[in-house]
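K.L.:
Sharing structure_30.cif, mmCIF, C-alpha atoms:
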data_structure
loop_
_atom_site.label_atom_id
_atom_site.label_comp_id
_atom_site.auth_asym_id
_atom_site.auth_seq_id
_atom_site.Cartn_x
_atom_site.Cartn_y
_atom_site.Cartn_z
CA MET Z 1 31.08 22.03 -4.32
CA LYS Z 2 31.86 19.47 -1.62
CA LEU Z 3 28.59 17.68 -2.33
CA PHE Z 4 29.48 17.44 -6.03
CA PHE Z 5 32.88 16.01 -5.12
CA TYR Z 6 31.37 13.33 -2.84
CA ILE Z 7 28.80 12.29 -5.44
CA THR Z 8 31.45 12.09 -8.16
CA ALA Z 9 33.77 10.06 -5.90
CA PHE Z 10 30.96 7.65 -5.08
CA PHE Z 11 30.18 6.89 -8.71
CA ILE Z 12 33.88 6.48 -9.53
CA PHE Z 13 34.06 3.95 -6.71
CA LEU Z 14 30.91 2.24 -7.99
CA ASN Z 15 32.28 1.91 -11.51
CA GLY Z 16 35.48 0.41 -10.13
CA TYR Z 17 33.48 -2.06 -8.07
CA ASN Z 18 31.47 -3.06 -11.14
CA ALA Z 19 34.66 -3.96 -12.99
CA GLU Z 20 35.52 -6.56 -10.36
CA ALA Z 21 32.13 -7.92 -9.37
CA GLN Z 22 29.14 -9.44 -11.03
CA ILE Z 23 26.07 -7.20 -11.25
CA VAL Z 24 22.79 -8.99 -10.56
CA LYS Z 25 19.54 -7.23 -11.38
CA TYR Z 26 16.16 -7.57 -9.61
CA ALA Z 27 17.56 -7.76 -6.10
CA ASN Z 28 15.47 -7.04 -3.00
CA ASP Z 29 12.35 -8.77 -4.30
CA TYR Z 30 11.32 -9.31 -0.68
CA LEU Z 31 10.43 -5.62 -0.46
CA SER Z 32 7.62 -6.18 -2.96
CA THR Z 33 5.93 -8.30 -0.27
CA ALA Z 34 6.23 -5.50 2.31
CA VAL Z 35 2.51 -4.78 2.08
CA PHE Z 36 0.03 -4.92 4.94
CA SER Z 37 -2.94 -7.30 4.91
CA ARG Z 38 -5.31 -4.86 3.28
CA GLY Z 39 -3.02 -4.32 0.33
CA VAL Z 40 -2.38 -8.02 -0.22
CA SER Z 41 -6.08 -8.91 -0.01
CA MET Z 42 -6.79 -6.35 -2.74
CA GLY Z 43 -4.01 -7.68 -4.96
CA GLY Z 44 -1.72 -4.71 -4.22
CA ALA Z 45 -4.10 -2.48 -6.19
CA ASP Z 46 -4.94 0.00 -3.42
CA PHE Z 47 -1.57 1.56 -2.55
CA MET Z 48 -3.02 4.99 -3.43
CA LEU Z 49 -5.49 4.56 -0.54
CA PHE Z 50 -2.87 3.94 2.15
CA SER Z 51 -2.40 6.65 4.73
CA GLY Z 52 -0.26 7.02 7.81
CA SER Z 53 1.86 4.07 8.89
CA GLN Z 54 0.45 1.67 6.29
CA SER Z 55 1.82 3.82 3.46
CA VAL Z 56 5.44 3.84 4.69
CA PHE Z 57 6.68 0.95 2.53
CA ASN Z 58 4.78 1.45 -0.74
CA ASN Z 59 3.62 5.04 -1.07
CA PRO Z 60 5.42 7.69 1.01
CA SER Z 61 3.14 10.44 -0.34
CA GLY Z 62 0.16 8.82 1.43
CA LEU Z 63 1.54 9.66 4.87
CA ALA Z 64 0.12 13.19 4.79
CA PHE Z 65 -3.50 12.04 4.44
CA GLU Z 66 -3.56 10.56 7.96
CA ASP Z 67 -6.13 12.21 10.26
CA TYR Z 68 -4.52 11.21 13.57
CA LYS Z 69 -1.33 12.55 15.16
CA MET Z 70 0.27 9.12 15.56
CA ASP Z 71 -0.36 5.84 13.77
CA PHE Z 72 1.24 2.42 14.32
CA SER Z 73 0.95 -0.84 12.34
CA LEU Z 74 2.33 -4.30 13.02
CA MET Z 75 2.10 -7.28 10.68
CA HIS Z 76 3.07 -10.96 10.79
CA SER Z 77 2.68 -13.37 7.93
CA ASP Z 78 3.55 -16.99 7.22
CA TYR Z 79 4.31 -17.58 3.57
CA PHE Z 80 3.98 -20.87 1.72
CA SER Z 81 2.75 -22.96 4.65
CA SER Z 82 5.28 -21.40 7.06
CA LEU Z 83 8.33 -22.00 4.86
CA ALA Z 84 9.12 -18.30 5.25
CA SER Z 85 7.94 -15.49 7.51
CA LEU Z 86 7.60 -11.74 7.13
CA GLN Z 87 7.31 -9.14 9.90
CA LEU Z 88 6.56 -5.46 9.37
CA PHE Z 89 6.47 -2.55 11.79
CA SER Z 90 5.75 1.03 10.84
CA ALA Z 91 4.89 4.32 12.54
CA ALA Z 92 3.76 7.74 11.33
CA PHE Z 93 3.86 11.03 13.22
CA ARG Z 94 2.40 14.43 12.40
CA ALA Z 95 5.10 17.12 12.30
CA ASP Z 96 2.74 20.02 11.49
CA THR Z 97 -0.63 20.56 9.82
CA SER Z 98 0.65 19.47 6.40
CA THR Z 99 3.69 17.27 7.10
CA PHE Z 100 4.04 13.68 8.29
CA LEU Z 101 7.15 11.66 9.13
CA GLY Z 102 7.29 7.88 8.92
CA PHE Z 103 9.50 4.98 9.94
CA GLY Z 104 9.29 1.31 9.00
CA ALA Z 105 11.21 -1.93 9.52
CA VAL Z 106 11.00 -5.17 7.50
CA ARG Z 107 12.26 -8.67 8.25
CA PHE Z 108 11.79 -11.48 5.71
CA ALA Z 109 13.44 -14.77 6.63
CA VAL Z 110 13.72 -18.50 6.22
CA ASP Z 111 14.85 -19.84 9.59
CA ASP Z 112 16.29 -23.12 10.87
CA ILE Z 113 18.06 -24.14 7.67
CA GLN Z 114 20.28 -27.16 8.15
CA ASN Z 115 24.00 -26.66 7.58
CA THR Z 116 25.36 -30.07 6.54
CA ILE Z 117 28.85 -28.94 5.47
CA TYR Z 118 30.36 -30.80 8.42
CA LEU Z 119 27.98 -33.77 8.31
CA PHE Z 120 30.73 -36.25 7.37
CA ASP Z 121 33.50 -37.07 9.81
CA ASN Z 122 36.23 -39.28 8.33
CA GLY Z 123 33.74 -40.66 5.81
CA ASN Z 124 30.99 -41.35 8.37
CA MET Z 125 27.80 -39.37 8.83
CA ASP Z 126 27.56 -37.71 12.23
CA TYR Z 127 24.19 -35.97 12.67
CA SER Z 128 25.41 -34.16 15.78
CA ARG Z 129 27.59 -32.08 13.47
CA ILE Z 130 24.52 -30.48 11.82
CA SER Z 131 23.99 -26.83 12.73
CA TYR Z 132 21.25 -24.37 11.81
CA PHE Z 133 21.25 -20.89 10.30
CA SER Z 134 18.86 -18.30 8.90
CA VAL Z 135 18.68 -16.44 5.62
CA ALA Z 136 17.16 -13.09 6.56
CA ASP Z 137 16.63 -9.78 4.79
CA TYR Z 138 16.09 -6.52 6.68
CA ALA Z 139 15.13 -3.04 5.51
CA PHE Z 140 14.57 0.24 7.34
CA PHE Z 141 12.49 3.06 5.83
CA PHE Z 142 12.59 6.78 6.68
CA ASP Z 143 9.75 8.74 5.03
CA VAL Z 144 8.54 12.30 4.77
CA SER Z 145 5.32 13.51 3.13
CA ARG Z 146 3.76 16.94 2.75
CA LYS Z 147 0.57 18.35 1.22
CA LEU Z 148 0.97 21.21 -1.21
CA LYS Z 149 0.10 24.56 0.35
CA PHE Z 150 -2.23 25.79 -2.41
CA PHE Z 151 -3.41 22.33 -3.53
CA PRO Z 152 -4.04 20.26 -0.36
CA GLU Z 153 -5.57 17.49 -2.50
CA ILE Z 154 -2.02 16.71 -3.68
CA SER Z 155 0.77 15.37 -1.50
CA LEU Z 156 4.40 14.59 -2.30
CA GLY Z 157 6.55 12.08 -0.47
CA ALA Z 158 10.03 10.57 -0.40
CA SER Z 159 11.49 7.50 1.27
CA MET Z 160 15.07 6.48 2.03
CA LYS Z 161 15.66 2.79 2.69
CA LEU Z 162 18.67 1.13 4.29
CA ILE Z 163 19.14 -2.58 3.67
CA TYR Z 164 20.92 -5.35 5.52
CA ARG Z 165 20.86 -8.97 4.31
CA HIS Z 166 22.64 -12.01 5.64
CA GLN Z 167 22.91 -15.70 4.84
CA GLY Z 168 23.99 -17.22 8.12
CA LYS Z 169 27.70 -16.66 8.65
CA PHE Z 170 28.39 -17.17 4.96
CA ALA Z 171 27.65 -13.74 3.49
CA ASP Z 172 26.32 -10.27 4.31
CA ALA Z 173 25.08 -7.36 2.24
CA TYR Z 174 24.49 -3.67 2.88
CA GLY Z 175 22.50 -1.40 0.61
CA PHE Z 176 20.47 1.75 0.21
CA GLY Z 177 17.92 3.32 -2.13
CA PHE Z 178 15.21 5.96 -2.53
CA ASP Z 179 11.54 6.08 -3.53
CA ILE Z 180 9.45 9.12 -4.44
CA GLY Z 181 5.71 9.46 -4.92
CA ALA Z 182 2.73 11.76 -5.46
CA THR Z 183 -0.92 11.27 -4.51
CA TYR Z 184 -4.08 13.11 -5.54
CA SER Z 185 -7.16 12.57 -3.37
CA HIS Z 186 -10.42 14.45 -3.85
CA LYS Z 187 -13.83 13.35 -2.61
CA LYS Z 188 -14.39 9.77 -3.85
CA PHE Z 189 -11.43 9.53 -6.24
CA SER Z 190 -7.74 8.88 -5.53
CA ALA Z 191 -4.71 8.37 -7.75
CA SER Z 192 -1.01 7.84 -7.09
CA MET Z 193 2.29 7.57 -8.90
CA VAL Z 194 5.34 6.06 -7.14
CA LEU Z 195 8.84 5.66 -8.54
CA LYS Z 196 10.55 2.82 -6.68
CA ASP Z 197 14.36 2.68 -6.49
CA VAL Z 198 14.50 5.96 -8.36
CA THR Z 199 18.32 6.10 -8.15
CA THR Z 200 18.47 2.29 -8.41
CA THR Z 201 19.10 0.46 -5.14
CA PHE Z 202 22.55 -1.01 -4.51
CA ASP Z 203 23.39 -4.07 -2.39
CA PHE Z 204 27.08 -4.71 -1.72
CA TRP Z 205 27.67 -8.40 -0.88
CA SER Z 206 30.65 -9.60 1.16
CA VAL Z 207 31.38 -13.34 1.31
CA ASN Z 208 33.07 -14.93 4.32
CA LYS Z 209 35.28 -17.48 2.58
CA ASN Z 210 36.50 -18.88 5.90
CA GLU Z 211 33.11 -20.58 6.30
CA PHE Z 212 33.70 -22.65 3.15
CA ASP Z 213 36.20 -25.36 3.89
CA SER Z 214 37.68 -28.20 1.88
CA VAL Z 215 34.59 -30.37 2.43
CA TYR Z 216 32.48 -27.84 0.52
CA LEU Z 217 35.05 -27.43 -2.24
CA SER Z 218 35.42 -31.20 -2.66
CA THR Z 219 31.81 -31.40 -3.88
CA GLY Z 220 32.76 -29.44 -6.98
CA ASN Z 221 31.13 -26.19 -5.85
CA SER Z 222 32.97 -22.93 -6.26
CA VAL Z 223 33.04 -20.35 -3.49
CA PRO Z 224 31.00 -17.27 -4.52
CA GLU Z 225 32.77 -13.95 -4.86
CA ASN Z 226 31.93 -10.52 -3.52
CA SER Z 227 29.31 -8.93 -5.74
CA LEU Z 228 27.06 -5.96 -6.36
CA GLU Z 229 23.30 -6.31 -6.83
CA ILE Z 230 21.25 -3.58 -8.45
CA THR Z 231 17.48 -3.11 -8.22
CA PRO Z 232 16.29 -1.15 -11.28
CA VAL Z 233 13.66 1.58 -11.32
CA THR Z 234 9.97 0.58 -11.39
CA LEU Z 235 6.87 2.77 -11.75
CA ASP Z 236 3.62 2.16 -9.85
CA LEU Z 237 0.44 3.80 -11.13
CA GLY Z 238 -2.96 3.39 -9.53
CA ALA Z 239 -6.44 4.85 -9.16
CA SER Z 240 -9.52 4.10 -7.08
CA TYR Z 241 -13.13 5.21 -6.72
CA TYR Z 242 -15.82 4.47 -4.15
CA TRP Z 243 -19.57 5.03 -3.75
CA ASN Z 244 -22.05 4.67 -0.93
CA LEU Z 245 -25.29 2.74 -0.73
CA TYR Z 246 -27.08 3.13 2.58
CA SER Z 247 -24.60 1.93 5.25
CA PHE Z 248 -22.44 0.12 2.69
CA LYS Z 249 -19.42 1.48 0.85
CA PHE Z 250 -18.17 -0.09 -2.38
CA LEU Z 251 -14.62 0.54 -3.57
CA CYS Z 252 -12.78 -0.50 -6.74
CA ALA Z 253 -9.06 -0.07 -7.34
CA PHE Z 254 -6.80 -0.55 -10.34
CA ALA Z 255 -3.00 -0.46 -10.43
CA VAL Z 256 -0.11 -1.24 -12.77
CA LYS Z 257 3.49 -1.94 -11.75
CA THR Z 258 5.76 -1.18 -14.68
CA PHE Z 259 9.19 -2.75 -15.28
CA PHE Z 260 11.41 -1.11 -17.88
CA ASP Z 261 12.40 -4.29 -19.67
CA SER Z 262 10.75 -7.26 -21.38
CA ASP Z 263 12.17 -10.02 -19.19
CA THR Z 264 8.83 -11.16 -17.73
CA TYR Z 265 5.77 -13.21 -18.62
CA TYR Z 266 3.25 -10.51 -17.69
CA LEU Z 267 0.36 -10.13 -20.11
CA ILE Z 268 1.25 -6.49 -20.74
CA HIS Z 269 4.72 -6.37 -22.27
CA SER Z 270 6.78 -5.02 -25.13
CA LYS Z 271 10.44 -4.81 -26.08
CA HIS Z 272 10.98 -1.93 -23.68
CA PHE Z 273 8.68 -2.52 -20.72
CA SER Z 274 6.33 -4.96 -19.03
CA ALA Z 275 3.56 -4.41 -16.50
CA ASP Z 276 1.93 -6.32 -13.67
CA LEU Z 277 -1.81 -5.66 -13.66
CA ARG Z 278 -3.55 -5.54 -10.27
CA LEU Z 279 -7.27 -5.38 -9.48
CA GLY Z 280 -8.94 -4.97 -6.10
CA SER Z 281 -12.32 -4.34 -4.51
CA GLN Z 282 -13.69 -3.72 -1.02
CA ILE Z 283 -17.14 -3.79 0.54
CA SER Z 284 -17.53 -2.23 3.98
CA TYR Z 285 -20.40 -1.81 6.41
CA SER Z 286 -20.58 1.32 8.60
CA ASP Z 287 -16.80 1.65 8.22
CA MET Z 288 -16.44 -1.16 10.75
CA ILE Z 289 -16.52 -4.47 8.86
CA PHE Z 290 -14.59 -4.98 5.60
CA LEU Z 291 -14.60 -7.70 2.95
CA ARG Z 292 -11.87 -7.52 0.30
CA PHE Z 293 -10.93 -9.31 -2.93
CA GLY Z 294 -8.00 -8.96 -5.29
CA PHE Z 295 -6.24 -10.38 -8.35
CA SER Z 296 -2.60 -9.97 -9.35
CA ASP Z 297 0.27 -11.65 -11.23
CA PHE Z 298 -1.57 -12.02 -14.53
CA GLN Z 299 0.95 -14.03 -16.52
CA LYS Z 300 1.29 -15.99 -19.70
CA ASN Z 301 3.45 -18.95 -18.75
CA ASN Z 302 5.95 -20.58 -21.03
CA ASN Z 303 7.78 -23.21 -19.01
CA LEU Z 304 7.58 -26.88 -18.10
CA ILE Z 305 6.87 -26.34 -14.39
CA ILE Z 306 3.55 -24.56 -14.81
CA SER Z 307 1.31 -26.37 -17.29
CA LYS Z 308 -1.34 -23.63 -17.54
CA LYS Z 309 -0.84 -21.10 -20.33
CA PHE Z 310 -2.48 -18.36 -18.26
CA SER Z 311 -2.37 -17.81 -14.52
CA MET Z 312 -3.23 -15.22 -11.90
CA ARG Z 313 -3.15 -15.06 -8.12
CA PRO Z 314 -6.43 -14.43 -6.29
CA SER Z 315 -6.58 -13.21 -2.69
CA PHE Z 316 -9.22 -12.23 -0.18
CA GLY Z 317 -9.32 -10.75 3.28
CA LEU Z 318 -11.42 -9.58 6.20
CA GLY Z 319 -11.07 -6.47 8.34
CA VAL Z 320 -12.56 -5.09 11.54
CA LYS Z 321 -12.24 -1.54 12.87
CA PHE Z 322 -13.25 -0.63 16.42
CA PHE Z 323 -12.66 2.94 17.61
CA ARG Z 324 -8.92 3.49 17.02
CA PHE Z 325 -8.02 -0.17 16.60
CA GLY Z 326 -8.02 -2.14 13.37
CA PHE Z 327 -7.41 -5.82 12.61
CA ASP Z 328 -7.01 -7.34 9.14
CA TYR Z 329 -6.54 -10.89 7.86
CA THR Z 330 -5.60 -12.02 4.36
CA PHE Z 331 -5.33 -15.42 2.68
CA PHE Z 332 -3.85 -16.20 -0.71
CA SER Z 333 -2.55 -19.24 -2.52
CA ASP Z 334 0.33 -19.70 -4.95
CA ASN Z 335 -0.81 -22.35 -7.43
CA SER Z 336 2.66 -22.77 -8.93
CA ILE Z 337 4.02 -24.33 -5.73
CA GLU Z 338 0.70 -25.34 -4.15
CA ARG Z 339 1.33 -23.43 -0.93
CA ASN Z 340 -0.94 -21.13 1.08
CA SER Z 341 -0.09 -17.93 2.95
CA ASN Z 342 -1.73 -16.11 5.86
CA ILE Z 343 -1.20 -12.46 6.81
CA PHE Z 344 -2.28 -10.65 9.99
CA THR Z 345 -2.15 -6.88 10.66
CA LEU Z 346 -2.86 -4.81 13.76
CA ASN Z 347 -3.26 -1.02 13.51
CA VAL Z 348 -3.56 1.55 16.33
CA LYS Z 349 -4.13 5.31 16.03
CA PHE Z 350 -3.72 8.08 18.62
#
Starting from the coordinates I provided, produce the structure as structure tokens.
P.N.:
Amino acid sequence: MKLFFYITAFFIFLNGYNAEAQIVKYANDYLSTAVFSRGVSMGGADFMLFSGSQSVFNNPSGLAFEDYKMDFSLMHSDYFSSLASLQLFSAAFRADTSTFLGFGAVRFAVDDIQNTIYLFDNGNMDYSRISYFSVADYAFFFDVSRKLKFFPEISLGASMKLIYRHQGKFADAYGFGFDIGATYSHKKFSASMVLKDVTTTFDFWSVNKNEFDSVYLSTGNSVPENSLEITPVTLDLGASYYWNLYSFKFLCAFAVKTFFDSDTYYLIHSKHFSADLRLGSQISYSDMIFLRFGFSDFQKNNNLIISKKFSMRPSFGLGVKFFRFGFDYTFFSDNSIERNSNIFTLNVKF
């Protein structure tokens, strides 16, 4: 009864907050980049193959397919020729023969942004008055995954994420959300279904108006108000299959990320939903050397910035595994802004 009361009170509060603040959809886009090198190099098509620590952010049900007791992953990436950076850390621990627990942390940031609000002093430019700040987004994941007792080929998983975002001293946001997933893995075939932001994810923004002085207002800009951002539910579906040829293993993966609206330029779309198609492949030798390719963001463009009517984003990567250590590298390019990105991942198992 108490639980029902708390849930009811929360949604009453939320409705009251909505009446006063602007609701912005599609928040927390930075979490869609919280993928380790292997996933990016395969176009994000292989999330059903992730196990252990590398499944924390995108497929909590994959945790239970880890063979080791402990698994750690660390990633650093420079996006768009170092305009932005992303760091990931995740860990997975075996609780019993069928259950795994996971933890992950994300930081996506643009650092050293110039604050020129106080550049002018009595009408004269004074460059010593320039300061610097960062726009950074953080997220912390807490996962649990368990194989079904009578069907060990199937695992279920859930993830709770806590969010903190800040824009220098100007504004801060706190949020939370949940993901759930299921994975089926048998012999050479795997398939997964993941509902992201299943309860929708809420970010509550608080603006520090003291940081906006008369100089800022004199430019004609209005000070932003406190607001609520909502990330709607998305559905990820994927499948993969591999086969062996001598010491080589060939793997193909296919995935679809579904948005329940038509507000995108993805090739697959209707009045009620749109979908991002993702394709990936991997060739490995003796399970030690890996070569990966991927394609994602298949879009039909309809704007003046991108002249091409059709576009997609290719990516490729290399991987090396030595005993319990793994190293992966991925490169991809965004043609719309003509910038390149590099991603590095280190994985250790115990």
K.L.:
At most 10 Å from (-3.1, 14.6, -7.2), file frame, all atoms listed in the file: which residues, as a PDB file with C-alpha atoms, in the frame of the given file?
P.N.:
ATOM      1  CA  LYS Z 147       0.570  18.350   1.220  1.00  0.00           C
ATOM      2  CA  LEU Z 148       0.970  21.210  -1.210  1.00  0.00           C
ATOM      3  CA  PHE Z 151      -3.410  22.330  -3.530  1.00  0.00           C
ATOM      4  CA  PRO Z 152      -4.040  20.260  -0.360  1.00  0.00           C
ATOM      5  CA  GLU Z 153      -5.570  17.490  -2.500  1.00  0.00           C
ATOM      6  CA  ILE Z 154      -2.020  16.710  -3.680  1.00  0.00           C
ATOM      7  CA  SER Z 155       0.770  15.370  -1.500  1.00  0.00           C
ATOM      8  CA  LEU Z 156       4.400  14.590  -2.300  1.00  0.00           C
ATOM      9  CA  ALA Z 182       2.730  11.760  -5.460  1.00  0.00           C
ATOM     10  CA  THR Z 183      -0.920  11.270  -4.510  1.00  0.00           C
ATOM     11  CA  TYR Z 184      -4.080  13.110  -5.540  1.00  0.00           C
ATOM     12  CA  SER Z 185      -7.160  12.570  -3.370  1.00  0.00           C
ATOM     13  CA  HIS Z 186     -10.420  14.450  -3.850  1.00  0.00           C
ATOM     14  CA  PHE Z 189     -11.430   9.530  -6.240  1.00  0.00           C
ATOM     15  CA  SER Z 190      -7.740   8.880  -5.530  1.00  0.00           C
ATOM     16  CA  ALA Z 191      -4.710   8.370  -7.750  1.00  0.00           C
ATOM     17  CA  SER Z 192      -1.010   7.840  -7.090  1.00  0.00           C
ATOM     18  CA  MET Z 193       2.290   7.570  -8.900  1.00  0.00           C
TER      19      MET Z 193
END
K.L.:
Please determine, counting all atoms listed in the file, which residue among Z:Leu101, Z:Leu31, Z:Ala136, Z:Val256 has the shortest atom-to-atom distance to Z:Ser274.
P.N.:
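For Z:Ser274, the nearest of the given residues is Z:Val256.
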K.L.:
Identify all residues satisfying the PyMOL selection byres ((chain Z and resi 240) around 10) in the given file; provide them as a PDB file with C-alpha atoms, in the coordinates of the input.
P.N.:
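Written file, selection38.pdb:
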ATOM      1  CA  ALA Z  45      -4.100  -2.480  -6.190  1.00  0.00           C
ATOM      2  CA  ASP Z  46      -4.940   0.000  -3.420  1.00  0.00           C
ATOM      3  CA  PHE Z  47      -1.570   1.560  -2.550  1.00  0.00           C
ATOM      4  CA  MET Z  48      -3.020   4.990  -3.430  1.00  0.00           C
ATOM      5  CA  LEU Z  49      -5.490   4.560  -0.540  1.00  0.00           C
ATOM      6  CA  SER Z 185      -7.160  12.570  -3.370  1.00  0.00           C
ATOM      7  CA  LYS Z 188     -14.390   9.770  -3.850  1.00  0.00           C
ATOM      8  CA  PHE Z 189     -11.430   9.530  -6.240  1.00  0.00           C
ATOM      9  CA  SER Z 190      -7.740   8.880  -5.530  1.00  0.00           C
ATOM     10  CA  ALA Z 191      -4.710   8.370  -7.750  1.00  0.00           C
ATOM     11  CA  SER Z 192      -1.010   7.840  -7.090  1.00  0.00           C
ATOM     12  CA  GLY Z 238      -2.960   3.390  -9.530  1.00  0.00           C
ATOM     13  CA  ALA Z 239      -6.440   4.850  -9.160  1.00  0.00           C
ATOM     14  CA  TYR Z 241     -13.130   5.210  -6.720  1.00  0.00           C
ATOM     15  CA  TYR Z 242     -15.820   4.470  -4.150  1.00  0.00           C
ATOM     16  CA  LEU Z 251     -14.620   0.540  -3.570  1.00  0.00           C
ATOM     17  CA  CYS Z 252     -12.780  -0.500  -6.740  1.00  0.00           C
ATOM     18  CA  ALA Z 253      -9.060  -0.070  -7.340  1.00  0.00           C
ATOM     19  CA  PHE Z 254      -6.800  -0.550 -10.340  1.00  0.00           C
ATOM     20  CA  ALA Z 255      -3.000  -0.460 -10.430  1.00  0.00           C
ATOM     21  CA  GLY Z 280      -8.940  -4.970  -6.100  1.00  0.00           C
ATOM     22  CA  SER Z 281     -12.320  -4.340  -4.510  1.00  0.00           C
TER      23      SER Z 281
END
K.L.:
Applying the PyMOL selection byres ((chain Z and resi 63) around 10) to the file I just gave you, which residues come out? Please list them as a PyMOL selection string.
P.N.:
chain Z and resi 50-56+59-62+64-67+71+91-94+98-102+143-147+155-157+183
K.L.:
So which residues fall inside 12 Å of (1.5, -3.9, 20.2) if we count only C-alpha atoms? Mind giving them as a ChimeraX atom specification?
P.N.:
/Z:71-76,89-91,325-327,345-349
K.L.:
Just write the chosen residues, C-alpha atoms, as a PDB file, keeping the file's coordinate frame.
P.N.:
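Result file follows (selection.pdb):
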ATOM      1  CA  ASP Z  71      -0.360   5.840  13.770  1.00  0.00           C
ATOM      2  CA  PHE Z  72       1.240   2.420  14.320  1.00  0.00           C
ATOM      3  CA  SER Z  73       0.950  -0.840  12.340  1.00  0.00           C
ATOM      4  CA  LEU Z  74       2.330  -4.300  13.020  1.00  0.00           C
ATOM      5  CA  MET Z  75       2.100  -7.280  10.680  1.00  0.00           C
ATOM      6  CA  HIS Z  76       3.070 -10.960  10.790  1.00  0.00           C
ATOM      7  CA  PHE Z  89       6.470  -2.550  11.790  1.00  0.00           C
ATOM      8  CA  SER Z  90       5.750   1.030  10.840  1.00  0.00           C
ATOM      9  CA  ALA Z  91       4.890   4.320  12.540  1.00  0.00           C
ATOM     10  CA  PHE Z 325      -8.020  -0.170  16.600  1.00  0.00           C
ATOM     11  CA  GLY Z 326      -8.020  -2.140  13.370  1.00  0.00           C
ATOM     12  CA  PHE Z 327      -7.410  -5.820  12.610  1.00  0.00           C
ATOM     13  CA  THR Z 345      -2.150  -6.880  10.660  1.00  0.00           C
ATOM     14  CA  LEU Z 346      -2.860  -4.810  13.760  1.00  0.00           C
ATOM     15  CA  ASN Z 347      -3.260  -1.020  13.510  1.00  0.00           C
ATOM     16  CA  VAL Z 348      -3.560   1.550  16.330  1.00  0.00           C
ATOM     17  CA  LYS Z 349      -4.130   5.310  16.030  1.00  0.00           C
TER      18      LYS Z 349
END
K.L.:
What gap, in Å, lies between atom CA of Z:Phe204 and atom CA of Z:Leu228?
P.N.:
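It comes out at 4.8 Å.
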K.L.:
Between Z:Lys69, Z:Arg38, Z:Lys271, Z:Arg324, single out the one closest to Z:Gly294, counting all atoms listed in the file.
P.N.:
Z:Arg38
K.L.:
Excluding same-chain residues fewer than 2 positions from Z:Gly43, what lies within 8 Å of it counting all atoms listed in the file, as a list in words?
P.N.:
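Close residues of Z:Gly43: Gly39, Val40, Ser41, Ala45, Asp46, Arg278, Leu279, Gly280, Phe293, Gly294, Phe295, Ser296, Pro314 and Ser315 of chain Z.
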K.L.:
Need to verify the contact set: Z:Val198, 6 Å, all atoms listed in the file, exclusion of same-chain residues closer than 6 positions in sequence. Can you return it as a PyMOL selection string?
P.N.:
chain Z and resi 178-179+233
K.L.:
At what distance in Å, to one decimal, does atom CA of Z:Gly175 lie from atom CA of Z:Met160?
P.N.:
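Taking atom CA of Z:Met160 as the start and atom CA of Z:Gly175 as the end point, the length is 10.9 Å.
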K.L.:
Quick one: distance from atom CA of Z:Asp261 to atom CA of Z:Thr231 in Å, one decimal?
P.N.:
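Separation between atom CA of Z:Asp261 and atom CA of Z:Thr231: 12.6 Å.
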K.L.:
Which one of Z:Phe298, Z:Tyr138, Z:Phe103, Z:Tyr118 sits closest to Z:Leu86 if you count all atoms listed in the file?
P.N.:
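That would be Z:Tyr138, the residue with the smallest distance to Z:Leu86.
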K.L.:
Could you rebuild stretch 198-207 of chain Z with N, CA and C atoms and give me the result as a PDB file, in the frame of the given file?
P.N.:
ATOM      1  N   VAL Z 198      14.359   4.941  -7.327  1.00  0.00           N
ATOM      2  CA  VAL Z 198      14.500   5.960  -8.360  1.00  0.00           C
ATOM      3  C   VAL Z 198      15.956   6.187  -8.743  1.00  0.00           C
ATOM      4  N   THR Z 199      16.894   5.992  -7.833  1.00  0.00           N
ATOM      5  CA  THR Z 199      18.320   6.100  -8.150  1.00  0.00           C
ATOM      6  C   THR Z 199      18.951   4.728  -8.385  1.00  0.00           C
ATOM      7  N   THR Z 200      18.125   3.710  -8.523  1.00  0.00           N
ATOM      8  CA  THR Z 200      18.470   2.290  -8.410  1.00  0.00           C
ATOM      9  C   THR Z 200      18.951   2.021  -6.992  1.00  0.00           C
ATOM     10  N   THR Z 201      18.688   0.831  -6.495  1.00  0.00           N
ATOM     11  CA  THR Z 201      19.100   0.460  -5.140  1.00  0.00           C
ATOM     12  C   THR Z 201      20.267  -0.507  -5.225  1.00  0.00           C
ATOM     13  N   PHE Z 202      21.310  -0.234  -4.447  1.00  0.00           N
ATOM     14  CA  PHE Z 202      22.550  -1.010  -4.510  1.00  0.00           C
ATOM     15  C   PHE Z 202      22.685  -1.890  -3.270  1.00  0.00           C
ATOM     16  N   ASP Z 203      23.049  -3.152  -3.474  1.00  0.00           N
ATOM     17  CA  ASP Z 203      23.390  -4.070  -2.390  1.00  0.00           C
ATOM     18  C   ASP Z 203      24.833  -4.539  -2.611  1.00  0.00           C
ATOM     19  N   PHE Z 204      25.679  -4.300  -1.631  1.00  0.00           N
ATOM     20  CA  PHE Z 204      27.080  -4.710  -1.720  1.00  0.00           C
ATOM     21  C   PHE Z 204      27.249  -5.985  -0.880  1.00  0.00           C
ATOM     22  N   TRP Z 205      27.538  -7.112  -1.542  1.00  0.00           N
ATOM     23  CA  TRP Z 205      27.670  -8.400  -0.880  1.00  0.00           C
ATOM     24  C   TRP Z 205      29.133  -8.681  -0.520  1.00  0.00           C
ATOM     25  N   SER Z 206      29.326  -9.187   0.704  1.00  0.00           N
ATOM     26  CA  SER Z 206      30.650  -9.600   1.160  1.00  0.00           C
ATOM     27  C   SER Z 206      30.569 -11.061   1.605  1.00  0.00           C
ATOM     28  N   VAL Z 207      31.398 -11.905   1.031  1.00  0.00           N
ATOM     29  CA  VAL Z 207      31.380 -13.340   1.310  1.00  0.00           C
ATOM     30  C   VAL Z 207      32.473 -13.695   2.304  1.00  0.00           C
TER      31      VAL Z 207
END
